[in-house]
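Take a look at the structure set out below.
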Amino acid sequence: QAYAEQNNFEQSYKMLSNFDQNSPFTEQGLFLYGYAAYKIQRYAESQAVLNVLVKEYPYSTYTRQALALIAGGYVEQKQLALALEQYIKIEAYYQEKLQELAHFEKVFNTAENLLVFSDELHQAAKDKTNQQWLTTSLENNNVSQSFRALKSISLIAKQLITHKKKSEWLDQVIKLNEQRKMNIAKQHESNNNKLLIRSLTEKVVSLKNRIEQAVADDNGYLFASPVERKLLSRIDKSYESLNVLTGKKNTQDYIERLARIQGVLDWQLNQTKPERFWQHQTLVRSLENNLANAKIRYQSVSSLLSESTDNKVELNRSNALKEQTLALQETTSNVFQRVNKRTKNELNTFVIQQRKDLKQHLLHSQSHMAKVIERLNYLEAK
């Protein structure tokens, strides 16, 4: 390119004859190579290279210059018939591109969301023409910046949707947790754990007192079963009745019989006193364990219910965040609409400029074609 700018086309031609056709600058390289060949009057080679450019890159701005050079090569070689044929092709090319551009303009102006329009267009296998015009428009700095802004805003919108879903999920978790606590509170009330703790405490205290008294008095009666206590009570009442009858009736046989029954019962209680003492101690330990567990459950439920206030705070905080998210979503949507509108304006500006350039090239080629036709008519008239 430096040699071409210095009008040293011979050197430029030599340098470009072996350029890498897989480089990012292939379009520019092909054009400069063809242009250099044209300037040193290697027309056939110039036209061959420029035709490759036209075929491979039909929407390139270099192609529009290449078309004129191809026709100019025929004119320079006095091949006016071929030049006319080339100008007819050029005219058809520009008319086709103007029609494509008008269709592209109509399509993107009817699209509500240009980002969706762009994505769908790139996925559409058949709509190659509009795809190409969109790609060409993205070479414009203003258009590409607007599309990048749309993508950034769209990403923020997606993040806000995700955040909103997480907030809704958190709300649901908090509400379910609150409902669970209410159910536990109802169960807690129905079980009446306070009454259970009081009852177990009284039983433990009573049993401990009984054991201490039995040990202190060495009295096995305190370990008597309900049936045995009932029998001991009847014996005591029988003695009371006999005392009333003393002197009035011979009660000796009854007294002896009661003494034998009481003796058997005393012997039985004394024999089983160690075992009953162990049973009472085991029962006390069991009741103490139950009492401890009941207290733990009561404390656990009480602590859980006291957290209800914390849940309400979290729920209020979640609702506030949700409102902020909704406000941000609305703001993001408004910004997206404004940028979407601006992008359409940039695309329309691009289309206006492209249409202007295409028409100028068309008029220029038609002017040269008219000169070629005039020259052919002159030659035929001679």
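Residue numbering restarts at 1 for every chain of the structure tokens, chains are lettered A, B, ... in their displayed order, and ligands are numbered from 1 as they appear.
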### Query
as a VMD selection string, which residues of stretch 76-161 of chain A does DSSP assign to alpha helix (DSSP H)?
chain A and resid 76 80 to 110 114 to 123 128 to 137 141 to 161
Contacts of A:Leu321 within 12 Å, only C-alpha atoms, excl. fewer than 3 positions in-chain, as a short mmCIF file (atom, residue, chain, number, x, y, z; two decimals) with N, CA and C atoms, in the first residue's frame:
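Result written to selection.cif:
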```cif
data_model
loop_
_atom_site.label_atom_id
_atom_site.label_comp_id
_atom_site.auth_asym_id
_atom_site.auth_seq_id
_atom_site.Cartn_x
_atom_site.Cartn_y
_atom_site.Cartn_z
N LEU A 160 -31.25 -9.53 35.74
CA LEU A 160 -32.33 -9.06 36.62
C LEU A 160 -33.45 -10.10 36.69
N HIS A 163 -32.23 -12.72 38.98
CA HIS A 163 -32.29 -12.20 40.36
C HIS A 163 -33.73 -12.21 40.87
N LYS A 164 -34.67 -11.85 40.00
CA LYS A 164 -36.07 -11.82 40.41
C LYS A 164 -36.56 -13.23 40.74
N LYS A 165 -36.17 -14.21 39.93
CA LYS A 165 -36.56 -15.60 40.19
C LYS A 165 -36.00 -16.08 41.52
N LYS A 166 -34.75 -15.70 41.81
CA LYS A 166 -34.13 -16.09 43.08
C LYS A 166 -34.86 -15.44 44.25
N SER A 167 -35.27 -14.18 44.07
CA SER A 167 -36.00 -13.47 45.13
C SER A 167 -37.35 -14.12 45.38
N GLU A 168 -38.02 -14.50 44.30
CA GLU A 168 -39.32 -15.17 44.44
C GLU A 168 -39.16 -16.52 45.12
N LEU A 170 -36.77 -17.25 47.23
CA LEU A 170 -36.47 -16.96 48.64
C LEU A 170 -37.74 -16.60 49.40
N ASP A 171 -38.62 -15.83 48.77
CA ASP A 171 -39.91 -15.49 49.39
C ASP A 171 -40.68 -16.75 49.73
N GLU A 314 -36.56 -10.60 57.24
CA GLU A 314 -36.02 -11.10 55.98
C GLU A 314 -37.04 -10.98 54.86
N LEU A 315 -38.29 -11.25 55.18
CA LEU A 315 -39.35 -11.15 54.17
C LEU A 315 -39.51 -9.70 53.71
N ASN A 316 -39.48 -8.77 54.67
CA ASN A 316 -39.57 -7.35 54.32
C ASN A 316 -38.39 -6.92 53.46
N ARG A 317 -37.20 -7.42 53.83
CA ARG A 317 -36.00 -7.09 53.05
C ARG A 317 -36.10 -7.67 51.65
N SER A 318 -36.60 -8.90 51.56
CA SER A 318 -36.76 -9.54 50.25
C SER A 318 -37.77 -8.78 49.39
N GLN A 324 -37.06 -3.13 44.19
CA GLN A 324 -35.92 -2.50 43.53
C GLN A 324 -35.63 -3.18 42.19
N THR A 325 -35.74 -4.52 42.18
CA THR A 325 -35.50 -5.27 40.95
C THR A 325 -36.52 -4.89 39.88
N LEU A 326 -37.79 -4.79 40.29
CA LEU A 326 -38.84 -4.41 39.34
C LEU A 326 -38.59 -3.01 38.78
N ALA A 327 -38.14 -2.10 39.66
CA ALA A 327 -37.83 -0.74 39.22
C ALA A 327 -36.66 -0.74 38.24
N LEU A 328 -35.64 -1.56 38.54
CA LEU A 328 -34.48 -1.66 37.64
C LEU A 328 -34.89 -2.30 36.31
#
```
### Task
Would you mind reading off the distance between atom CA of A:Val54 and atom CA of A:Thr349, one decimal, in Å?
25.2 Å
Kindly assemble as CSV a list of the stretch 326-345 of chain A residues that lie within 8 Å of stretch 97-119 of chain A, each paired with its nearest atom pair and their distance in Å to one decimal, using only C-alpha atoms, sorted first by chain and then by ascending residue number.
```
residue,atom,partner,partner_atom,distance
A:Asn340,CA,A:Leu114,CA,6.5
A:Thr343,CA,A:Leu114,CA,7.9
A:Lys344,CA,A:Asn109,CA,6.8
```
### Query
Separation of atom CA of A:Ala68 and atom CA of A:Tyr87, in Å?
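Distance between the two atoms: 8.1 Å.
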### Task
Would you mind listing what lies within 8 Å of A:Gln366 as a ChimeraX atom specification, with only C-alpha atoms counted and same-chain residues fewer than 3 positions away left out?
/A:87,91,362-363,369-370
